[in-house]
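Source file: start18.txt. Holds: compact mmCIF, C-alpha atoms and all ligand atoms.
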```txt
# COMPACT_ATOMS: atom_id res chain seq x y z
CA ASN A 4 -42.88 15.10 10.61
CA ARG A 5 -41.77 18.22 12.43
CA GLN A 6 -44.61 20.57 13.35
CA ILE A 7 -45.04 23.94 15.06
CA LEU A 8 -47.89 24.16 17.56
CA LEU A 9 -49.45 27.14 19.29
CA ALA A 10 -48.19 26.76 22.87
CA SER A 11 -49.75 29.85 24.46
CA ARG A 12 -51.67 32.99 23.54
CA PRO A 13 -49.69 36.23 23.34
CA GLN A 14 -50.49 39.29 25.41
CA GLY A 15 -49.77 42.10 22.94
CA GLU A 16 -46.69 41.37 20.87
CA PRO A 17 -46.17 37.63 20.25
CA SER A 18 -42.81 35.96 20.90
CA SER A 19 -41.13 32.67 20.02
CA GLN A 20 -42.29 31.43 23.46
CA ASN A 21 -45.82 31.20 22.06
CA PHE A 22 -44.76 28.36 19.74
CA ILE A 23 -43.41 24.87 20.30
CA LEU A 24 -41.85 22.36 17.92
CA ARG A 25 -42.99 18.74 18.02
CA GLU A 26 -42.06 15.64 16.06
CA GLN A 27 -44.87 13.38 14.90
CA GLN A 28 -44.75 9.86 13.49
CA LEU A 29 -46.25 9.56 9.99
CA PRO A 30 -48.18 6.58 8.62
CA THR A 31 -46.55 4.57 5.85
CA ALA A 32 -48.14 4.68 2.38
CA ALA A 33 -49.79 1.31 3.08
CA GLU A 34 -51.36 2.67 6.26
CA LEU A 35 -53.28 5.51 4.56
CA ALA A 36 -57.06 5.30 4.84
CA GLU A 37 -59.27 5.36 1.74
CA GLY A 38 -59.46 8.95 0.41
CA GLN A 39 -56.31 10.10 2.22
CA VAL A 40 -53.39 11.87 0.57
CA LEU A 41 -49.94 12.49 2.07
CA ILE A 42 -48.19 15.64 0.90
CA ARG A 43 -44.60 16.74 1.40
CA ASN A 44 -44.99 20.46 2.01
CA HIS A 45 -42.41 22.46 0.03
CA PHE A 46 -43.51 25.94 1.09
CA LEU A 47 -45.46 27.31 4.04
CA SER A 48 -47.11 30.71 3.67
CA LEU A 49 -46.86 33.09 6.61
CA ASP A 50 -49.64 35.68 6.68
CA PRO A 51 -50.66 38.54 8.97
CA TYR A 52 -54.11 36.97 9.65
CA MET A 53 -52.35 34.30 11.72
CA ARG A 54 -51.75 36.91 14.42
CA GLY A 55 -55.52 37.31 14.86
CA ARG A 56 -55.97 33.55 15.15
CA MET A 57 -53.49 33.40 18.02
CA ASN A 58 -55.98 35.39 20.12
CA ASP A 59 -58.97 33.92 21.87
CA GLY A 60 -61.23 36.93 21.33
CA LYS A 61 -63.88 37.53 18.74
CA SER A 62 -62.46 38.05 15.27
CA TYR A 63 -63.49 37.30 11.71
CA ALA A 64 -61.17 34.30 11.87
CA ALA A 65 -61.85 31.54 14.40
CA PRO A 66 -59.15 31.25 17.09
CA GLN A 67 -56.40 28.73 16.55
CA PRO A 68 -56.78 25.99 19.21
CA LEU A 69 -53.94 25.72 21.73
CA GLY A 70 -51.72 22.66 21.42
CA GLU A 71 -52.56 22.14 17.76
CA VAL A 72 -50.54 22.61 14.60
CA MET A 73 -50.57 26.27 13.51
CA LEU A 74 -52.92 26.73 10.57
CA GLY A 75 -51.47 27.95 7.32
CA GLY A 76 -51.50 27.64 3.56
CA THR A 77 -48.96 25.28 1.99
CA ALA A 78 -47.75 24.20 -1.42
CA GLY A 79 -46.20 20.79 -1.92
CA GLU A 80 -46.05 17.46 -3.70
CA VAL A 81 -48.13 14.32 -3.23
CA VAL A 82 -45.90 11.51 -1.91
CA ALA A 83 -48.59 8.89 -1.21
CA SER A 84 -52.25 8.67 -2.16
CA ARG A 85 -55.29 6.48 -1.65
CA ASN A 86 -57.47 8.96 -3.51
CA ALA A 87 -58.34 8.51 -7.20
CA ASN A 88 -58.08 12.27 -7.84
CA PHE A 89 -54.45 12.58 -6.72
CA THR A 90 -51.35 10.72 -7.81
CA VAL A 91 -47.82 10.74 -6.48
CA GLY A 92 -45.94 13.69 -7.95
CA ASP A 93 -48.97 16.00 -8.22
CA LYS A 94 -48.23 19.56 -7.10
CA VAL A 95 -50.94 20.78 -4.75
CA VAL A 96 -51.88 23.68 -2.50
CA GLY A 97 -54.00 23.44 0.63
CA MET A 98 -54.17 24.37 4.28
CA GLY A 99 -51.34 22.06 5.26
CA GLY A 100 -50.30 23.98 8.38
CA TRP A 101 -46.91 24.71 9.93
CA GLN A 102 -45.44 21.25 9.35
CA GLU A 103 -43.30 19.28 6.93
CA TYR A 104 -45.96 16.79 5.87
CA PHE A 105 -49.71 17.15 5.46
CA LEU A 106 -51.93 14.08 5.82
CA VAL A 107 -55.46 14.86 4.65
CA ASP A 108 -58.70 13.22 3.61
CA ALA A 109 -59.11 14.85 0.20
CA THR A 110 -62.51 13.39 -0.67
CA GLN A 111 -64.20 16.73 -0.02
CA ARG A 112 -63.83 19.09 -2.99
CA GLY A 113 -61.59 22.11 -2.43
CA VAL A 114 -59.47 20.62 0.37
CA LEU A 115 -56.57 20.19 -2.05
CA GLN A 116 -56.04 22.16 -5.24
CA LYS A 117 -53.86 20.72 -8.02
CA VAL A 118 -51.65 23.39 -9.59
CA ASP A 119 -49.71 23.61 -12.85
CA THR A 120 -46.07 24.59 -12.36
CA THR A 121 -45.12 24.63 -16.06
CA HIS A 122 -45.13 28.42 -16.30
CA ILE A 123 -45.78 29.47 -12.70
CA PRO A 124 -43.42 28.56 -9.84
CA LEU A 125 -45.01 26.51 -7.06
CA SER A 126 -44.38 29.18 -4.41
CA ALA A 127 -46.33 31.80 -6.42
CA TYR A 128 -49.53 29.87 -5.67
CA LEU A 129 -49.15 31.08 -2.09
CA GLY A 130 -48.56 34.68 -3.19
CA ALA A 131 -49.40 36.55 -6.39
CA VAL A 132 -51.37 33.60 -7.82
CA GLY A 133 -52.92 32.66 -4.48
CA MET A 134 -54.78 34.19 -1.57
CA PRO A 135 -52.76 37.44 -1.37
CA GLY A 136 -53.11 38.00 -5.13
CA VAL A 137 -56.87 37.46 -5.06
CA THR A 138 -57.08 39.81 -2.06
CA ALA A 139 -55.35 42.52 -4.10
CA TRP A 140 -57.55 41.80 -7.10
CA TYR A 141 -60.80 41.91 -5.11
CA GLY A 142 -60.08 45.18 -3.34
CA LEU A 143 -58.78 46.88 -6.45
CA VAL A 144 -61.26 45.59 -9.03
CA LYS A 145 -64.44 45.17 -6.98
CA ILE A 146 -64.12 48.04 -4.51
CA ILE A 147 -61.77 50.70 -5.92
CA ASN A 148 -62.51 49.94 -9.60
CA PRO A 149 -60.11 52.61 -10.88
CA LYS A 150 -60.64 54.43 -14.14
CA ALA A 151 -57.69 55.27 -16.38
CA GLY A 152 -56.00 58.42 -15.15
CA GLU A 153 -57.20 58.08 -11.55
CA THR A 154 -54.73 57.84 -8.66
CA VAL A 155 -54.61 54.73 -6.47
CA VAL A 156 -52.62 54.59 -3.23
CA VAL A 157 -51.66 51.39 -1.42
CA SER A 158 -49.94 50.87 1.94
CA ALA A 159 -47.47 48.01 2.64
CA ALA A 160 -46.78 48.43 -1.08
CA SER A 161 -43.80 46.07 -1.36
CA GLY A 162 -45.68 43.23 0.36
CA ALA A 163 -47.52 40.22 -1.01
CA VAL A 164 -50.84 42.03 -1.39
CA GLY A 165 -49.67 45.61 -1.93
CA SER A 166 -47.25 44.79 -4.75
CA VAL A 167 -50.08 43.22 -6.75
CA VAL A 168 -52.50 46.09 -6.06
CA GLY A 169 -50.22 48.70 -7.63
CA GLN A 170 -49.35 46.59 -10.66
CA LEU A 171 -53.02 45.82 -11.34
CA ALA A 172 -53.83 49.52 -10.98
CA LYS A 173 -51.10 50.40 -13.50
CA ALA A 174 -52.41 47.75 -15.90
CA ARG A 175 -55.77 49.54 -15.75
CA GLY A 176 -54.21 52.87 -16.66
CA ALA A 177 -54.25 54.37 -13.18
CA ARG A 178 -51.46 56.19 -11.39
CA ALA A 179 -50.10 53.95 -8.60
CA VAL A 180 -48.52 55.39 -5.47
CA GLY A 181 -47.17 53.15 -2.71
CA LEU A 182 -46.23 53.62 0.93
CA ALA A 183 -43.57 51.34 2.36
CA GLY A 184 -41.08 51.20 5.20
CA GLY A 185 -37.54 52.09 4.13
CA ALA A 186 -35.61 53.29 1.08
CA ASP A 187 -34.90 49.78 -0.28
CA LYS A 188 -38.55 48.80 -0.34
CA CYS A 189 -39.53 52.13 -1.96
CA ARG A 190 -36.85 51.83 -4.62
CA TYR A 191 -38.06 48.33 -5.45
CA VAL A 192 -41.69 49.46 -5.65
CA VAL A 193 -40.88 52.16 -8.21
CA GLU A 194 -38.00 50.64 -10.15
CA GLU A 195 -39.01 46.97 -10.26
CA LEU A 196 -42.78 47.04 -9.85
CA GLY A 197 -43.31 50.16 -11.94
CA PHE A 198 -45.30 52.27 -9.47
CA ASP A 199 -45.26 56.00 -10.25
CA ALA A 200 -44.04 56.89 -6.76
CA CYS A 201 -43.47 55.39 -3.33
CA ILE A 202 -43.29 57.17 0.01
CA ASP A 203 -41.06 55.91 2.81
CA TYR A 204 -43.47 56.56 5.68
CA LYS A 205 -40.66 56.11 8.20
CA GLN A 206 -39.22 59.41 6.93
CA HIS A 207 -42.50 61.14 7.82
CA PRO A 208 -43.19 60.55 11.50
CA ASP A 209 -46.05 63.06 11.79
CA LEU A 210 -49.32 63.54 9.94
CA ARG A 211 -48.44 66.94 8.50
CA SER A 212 -45.23 65.65 6.93
CA LEU A 213 -46.80 62.46 5.57
CA SER A 214 -49.72 64.38 4.14
CA ALA A 215 -47.33 66.79 2.41
CA ALA A 216 -45.44 63.85 0.90
CA LEU A 217 -48.73 62.41 -0.37
CA LYS A 218 -49.67 65.77 -1.85
CA ALA A 219 -46.41 65.85 -3.80
CA ALA A 220 -46.82 62.24 -4.99
CA CYS A 221 -50.52 62.64 -5.84
CA PRO A 222 -50.88 66.08 -7.44
CA ASP A 223 -54.45 65.29 -8.57
CA GLY A 224 -55.54 63.92 -5.20
CA ILE A 225 -56.43 60.30 -4.37
CA ASP A 226 -59.31 58.45 -6.02
CA GLY A 227 -58.75 54.99 -4.59
CA HIS A 228 -56.94 53.74 -1.52
CA PHE A 229 -56.09 50.15 -0.61
CA GLU A 230 -55.49 50.03 3.17
CA ASN A 231 -53.23 47.38 4.65
CA VAL A 232 -51.90 49.20 7.70
CA GLY A 233 -54.28 51.72 9.33
CA GLY A 234 -53.43 54.56 11.70
CA MET A 235 -51.56 57.62 10.50
CA ILE A 236 -51.25 56.35 6.93
CA LEU A 237 -55.03 56.20 6.60
CA ASP A 238 -55.39 59.65 8.21
CA ALA A 239 -52.92 61.15 5.75
CA VAL A 240 -54.63 59.53 2.76
CA MET A 241 -58.03 60.81 3.87
CA LEU A 242 -56.70 64.37 3.97
CA ARG A 243 -55.81 64.08 0.27
CA ALA A 244 -58.84 62.04 -0.84
CA ASN A 245 -60.94 63.30 -3.72
CA ALA A 246 -64.72 63.52 -3.77
CA PHE A 247 -66.27 60.09 -4.41
CA SER A 248 -63.03 58.27 -3.65
CA ARG A 249 -63.12 54.60 -2.65
CA VAL A 250 -61.23 52.91 0.17
CA ALA A 251 -60.77 49.12 0.24
CA MET A 252 -60.26 48.20 3.90
CA CYS A 253 -58.12 45.13 3.61
CA GLY A 254 -55.91 45.09 6.71
CA MET A 255 -54.94 47.10 9.76
CA ILE A 256 -51.64 45.47 10.61
CA SER A 257 -50.54 48.40 12.80
CA GLY A 258 -53.21 47.30 15.30
CA TYR A 259 -52.86 43.51 15.22
CA ASN A 260 -51.15 43.39 18.63
CA GLY A 261 -54.06 45.26 20.18
CA GLU A 262 -52.77 48.81 19.68
CA PRO A 263 -55.62 51.33 19.34
CA ILE A 264 -55.97 52.71 15.80
CA PRO A 265 -58.16 55.80 16.02
CA LEU A 266 -59.33 57.65 12.92
CA ALA A 267 -58.36 61.32 13.11
CA ALA A 268 -61.04 62.83 10.89
CA PRO A 269 -64.00 60.53 10.11
CA GLN A 270 -65.99 63.58 8.99
CA LEU A 271 -63.92 63.47 5.77
CA ILE A 272 -65.83 60.33 4.76
CA LEU A 273 -68.94 62.49 4.67
CA SER A 274 -67.52 65.68 3.21
CA ASN A 275 -65.63 63.77 0.50
CA ARG A 276 -68.59 61.38 -0.07
CA MET A 277 -66.17 58.48 0.28
CA LYS A 278 -67.03 54.81 -0.02
CA VAL A 279 -65.21 52.79 2.64
CA GLU A 280 -65.64 49.03 2.33
CA GLY A 281 -64.09 46.22 4.30
CA PHE A 282 -63.84 42.71 2.90
CA ILE A 283 -62.58 39.21 3.68
CA VAL A 284 -61.26 37.49 0.59
CA SER A 285 -62.39 34.00 1.64
CA GLU A 286 -66.01 35.22 1.61
CA HIS A 287 -65.81 35.95 -2.11
CA MET A 288 -65.02 32.53 -3.54
CA ASP A 289 -67.13 33.38 -6.59
CA VAL A 290 -64.47 35.80 -7.90
CA TRP A 291 -61.45 33.54 -7.30
CA PRO A 292 -61.50 31.79 -10.72
CA GLU A 293 -61.67 35.12 -12.60
CA ALA A 294 -59.01 36.71 -10.41
CA LEU A 295 -56.66 33.71 -10.56
CA LYS A 296 -57.01 33.56 -14.33
CA GLU A 297 -55.84 37.15 -14.71
CA LEU A 298 -53.12 36.83 -12.05
CA GLY A 299 -51.84 33.50 -13.40
CA GLY A 300 -51.69 34.90 -16.93
CA LEU A 301 -49.80 37.99 -15.80
CA VAL A 302 -47.27 35.99 -13.75
CA ALA A 303 -46.74 33.39 -16.49
CA SER A 304 -46.04 36.14 -19.03
CA GLY A 305 -43.69 37.98 -16.66
CA LYS A 306 -45.89 41.08 -16.53
CA LEU A 307 -46.71 40.73 -12.84
CA LYS A 308 -43.59 40.81 -10.70
CA PHE A 309 -43.23 39.64 -7.14
CA ARG A 310 -40.57 39.11 -4.56
CA GLU A 311 -40.26 36.56 -1.75
CA SER A 312 -38.61 36.43 1.65
CA VAL A 313 -37.80 32.79 2.24
CA ALA A 314 -36.93 31.36 5.67
CA GLN A 315 -35.29 27.93 5.70
CA GLY A 316 -36.82 24.98 7.55
CA ILE A 317 -39.87 24.60 9.77
CA ALA A 318 -37.97 25.57 12.92
CA ALA A 319 -37.45 29.04 11.42
CA ALA A 320 -41.18 29.67 10.98
CA PRO A 321 -41.89 31.42 14.31
CA GLU A 322 -39.05 33.96 13.91
CA ALA A 323 -40.04 34.60 10.30
CA PHE A 324 -43.63 35.18 11.38
CA LEU A 325 -42.60 37.61 14.12
CA GLY A 326 -40.50 39.42 11.50
CA LEU A 327 -43.50 39.73 9.17
CA LEU A 328 -45.39 41.59 11.89
CA LYS A 329 -42.47 44.00 12.18
CA GLY A 330 -41.91 44.59 8.47
CA ARG A 331 -38.68 42.59 8.32
CA ASN A 332 -40.05 40.65 5.32
CA PHE A 333 -39.48 42.06 1.86
CA GLY A 334 -42.25 40.65 -0.32
CA LYS A 335 -44.24 37.48 0.28
CA GLN A 336 -43.02 35.70 3.45
CA LEU A 337 -42.54 31.97 2.95
CA VAL A 338 -40.83 29.12 4.72
CA LYS A 339 -39.05 26.60 2.51
CA LEU A 340 -39.45 23.11 3.91
CA VAL A 341 -37.37 20.96 1.54
P1 LIG A 401 -47.03 41.95 3.68
O1 LIG A 401 -46.23 41.08 2.77
O2 LIG A 401 -47.45 43.28 3.20
O3 LIG A 401 -46.24 42.08 5.04
C1 LIG A 401 -46.71 42.90 6.05
C2 LIG A 401 -46.11 44.31 5.89
O4 LIG A 401 -46.86 45.20 6.68
C3 LIG A 401 -44.71 44.44 6.42
O5 LIG A 401 -43.74 44.04 5.48
C4 LIG A 401 -44.61 45.91 6.71
O6 LIG A 401 -44.27 46.63 5.53
C5 LIG A 401 -46.03 46.25 7.09
N1 LIG A 401 -46.14 46.36 8.55
C6 LIG A 401 -45.96 45.43 9.47
N2 LIG A 401 -46.19 45.91 10.70
C7 LIG A 401 -46.50 47.19 10.54
C8 LIG A 401 -46.84 48.22 11.44
N3 LIG A 401 -46.90 48.02 12.75
N4 LIG A 401 -47.08 49.41 10.93
C9 LIG A 401 -47.02 49.63 9.61
N5 LIG A 401 -46.72 48.68 8.72
C10 LIG A 401 -46.47 47.48 9.18
O7 LIG A 401 -48.32 41.13 4.14
P2 LIG A 401 -49.56 40.72 3.21
O8 LIG A 401 -49.39 41.31 1.89
O9 LIG A 401 -49.74 39.27 3.36
O10 LIG A 401 -50.79 41.43 3.93
C11 LIG A 401 -51.00 42.82 3.79
C12 LIG A 401 -52.29 43.21 4.52
O11 LIG A 401 -53.39 42.57 3.92
C13 LIG A 401 -52.33 42.80 5.99
O12 LIG A 401 -52.91 43.85 6.73
C14 LIG A 401 -53.23 41.59 5.99
O13 LIG A 401 -53.85 41.40 7.24
C15 LIG A 401 -54.20 41.97 4.90
N6 LIG A 401 -54.93 40.86 4.30
C16 LIG A 401 -56.29 40.92 4.31
C17 LIG A 401 -57.04 39.95 3.70
C18 LIG A 401 -58.52 40.10 3.67
O14 LIG A 401 -59.21 39.18 3.24
N7 LIG A 401 -59.08 41.22 4.10
C19 LIG A 401 -56.42 38.77 3.08
C20 LIG A 401 -54.97 38.84 3.08
C21 LIG A 401 -54.27 39.84 3.68
P3 LIG A 401 -43.44 48.01 5.60
O15 LIG A 401 -42.04 47.62 5.97
O16 LIG A 401 -43.58 48.55 4.26
O17 LIG A 401 -44.09 48.81 6.67
```
Can you give me the file's structure in the form of structure tokens?
Amino acid sequence: NRQILLASRPQGEPSSQNFILREQQLPTAAELAEGQVLIRNHFLSLDPYMRGRMNDGKSYAAPQPLGEVMLGGTAGEVVASRNANFTVGDKVVGMGGWQEYFLVDATQRGVLQKVDTTHIPLSAYLGAVGMPGVTAWYGLVKIINPKAGETVVVSAASGAVGSVVGQLAKARGARAVGLAGGADKCRYVVEELGFDACIDYKQHPDLRSLSAALKAACPDGIDGHFENVGGMILDAVMLRANAFSRVAMCGMISGYNGEPIPLAAPQLILSNRMKVEGFIVSEHMDVWPEALKELGGLVASGKLKFRESVAQGIAAAPEAFLGLLKGRNFGKQLVKLV
């Protein structure tokens, strides 16, 4: 069982030096303890929150211990079981970590989730029909709650979360405008995902230019904003925000390496009577069934589209993760392990 461990904590930008690969001996099926399940991980999910866990400081997520397998969501297949609830061949998702196999005591409810891959591909349970999808759903439905005809903006629009935000907004009759890095991502957001417009923020290096681009893309102003990035994008959105607009504060990836992310004009929150609300999706387990039902239905029927960047093999995980923090992924970043 090849595993990636956290070897050291990064100062600023992480590097491949912060990770180390180790090989671990697995028990045989006969050696499993009562309640244990052995899973062959097929996909590992790489997510921006993992950057925060690499730090020792105070964060909403507990720090990842040094010298232990990197934490992460996985989807795979049961290959041995001494648990009545799981049989060999079951497809499951769980927090299997950056490794090829996941040995877990599954007696506690919720540790492993069985999933149905008849109409939904296994990997989607780590993306549009998993944590990123529910994140999009929560911020859009519970915080922004767009009415038909309103305009919703989302940053990192081609990504795992952002792509779902815009499509859900469209399904509710809103106008969806994305921001993404590069012409390819923007073309995909409009042509494949069906957003009304997408702004390549890299073409607008200053606030005045980005704000003008937003004005052109959002002629009626902005009623809802789903923030994944922070910094100048948020400043530009706030300049175009309508009275009583709502901002779902989901992520601030532009500051995950410790960069300062000042807010240029906080007084706009007051003058525009804006609602700005941060949230952590794992603290809202009550909405997951409702959200997953809608997301699963939309993916199964082909109405909700998504794209994946797939790295091959566990040894490729660190580089793929570093790429995610630099926008080199295009859609949900995964590592394929078989
Ligand atoms: P994505 O698939 O969107 O990948 C991250 C994207 O962020 C990159 O592709 C890139 O897109 C953009 N990006 C990366 N670095 C920067 C930077 N320095 N400046 C600007 N943009 C950058 O990831 P996810 O969909 O998984 O996550 C999106 C956001 O949602 C993250 O901020 C994440 O932390 C947050 N999140 C929050 C949760 C919560 O509970 N609050 C739960 C899950 C995710 P581009 O090339 O377009 O710039």
Pick from A:Gly326, A:Gly79, A:Gly100, A:Gly197 nearest to Ser126 of chain A, counting all atoms listed in the file: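 The shortest atom-to-atom distance to Ser126 of chain A comes from A:Gly79.
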Do you know which residues are at most 9 Å from segment 298-312 of chain A counting only C-alpha atoms, after dropping those on the same chain fewer than 2 positions away, and could you put them as a PyMOL selection string? chain A and resi 121-124+126-128+130-133+136-137+140+161-163+166-167+170-171+195-196+293-296+314+323+332-338
At a cut-off of 8 Å and counting only C-alpha atoms and all ligand atoms, what residues surround ligand LIG 401 (chain A)? Please answer as a PyMOL selection string. chain A and resi 49-52+134-135+138+158-166+182-185+188+203-204+230-233+252-259+281-285+327-336
Pick from A:Asp199, A:Asp108, A:Asp223, A:Glu26 nearest to Asn4 of chain A, counting all atoms listed in the file: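 The closest residue to Asn4 of chain A is A:Glu26.
Relative to atom CA of Asp59 of chain A, atom CA of Asn21 of chain A is found at 13.4 Å.
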I want to know what sits within 8 Å of Phe198 of chain A, based on only C-alpha atoms, with residues of the same chain fewer than 3 positions away left out; could you give that as a PyMOL selection string? chain A and resi 169-170+173+178-181+192-194+201
Starting from the point (-60.0, 55.2, -7.0), work out which residues of protein, DNA or RNA have an atom no more than 12 Å away when counting only C-alpha atoms; state them as a ChimeraX atom specification. /A:142-157,168-169,172,175-180,223-229,240,244-251,277-279
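Atom CA of Phe105 of chain A lies 24.1 Å from atom CA of Gln20 of chain A.
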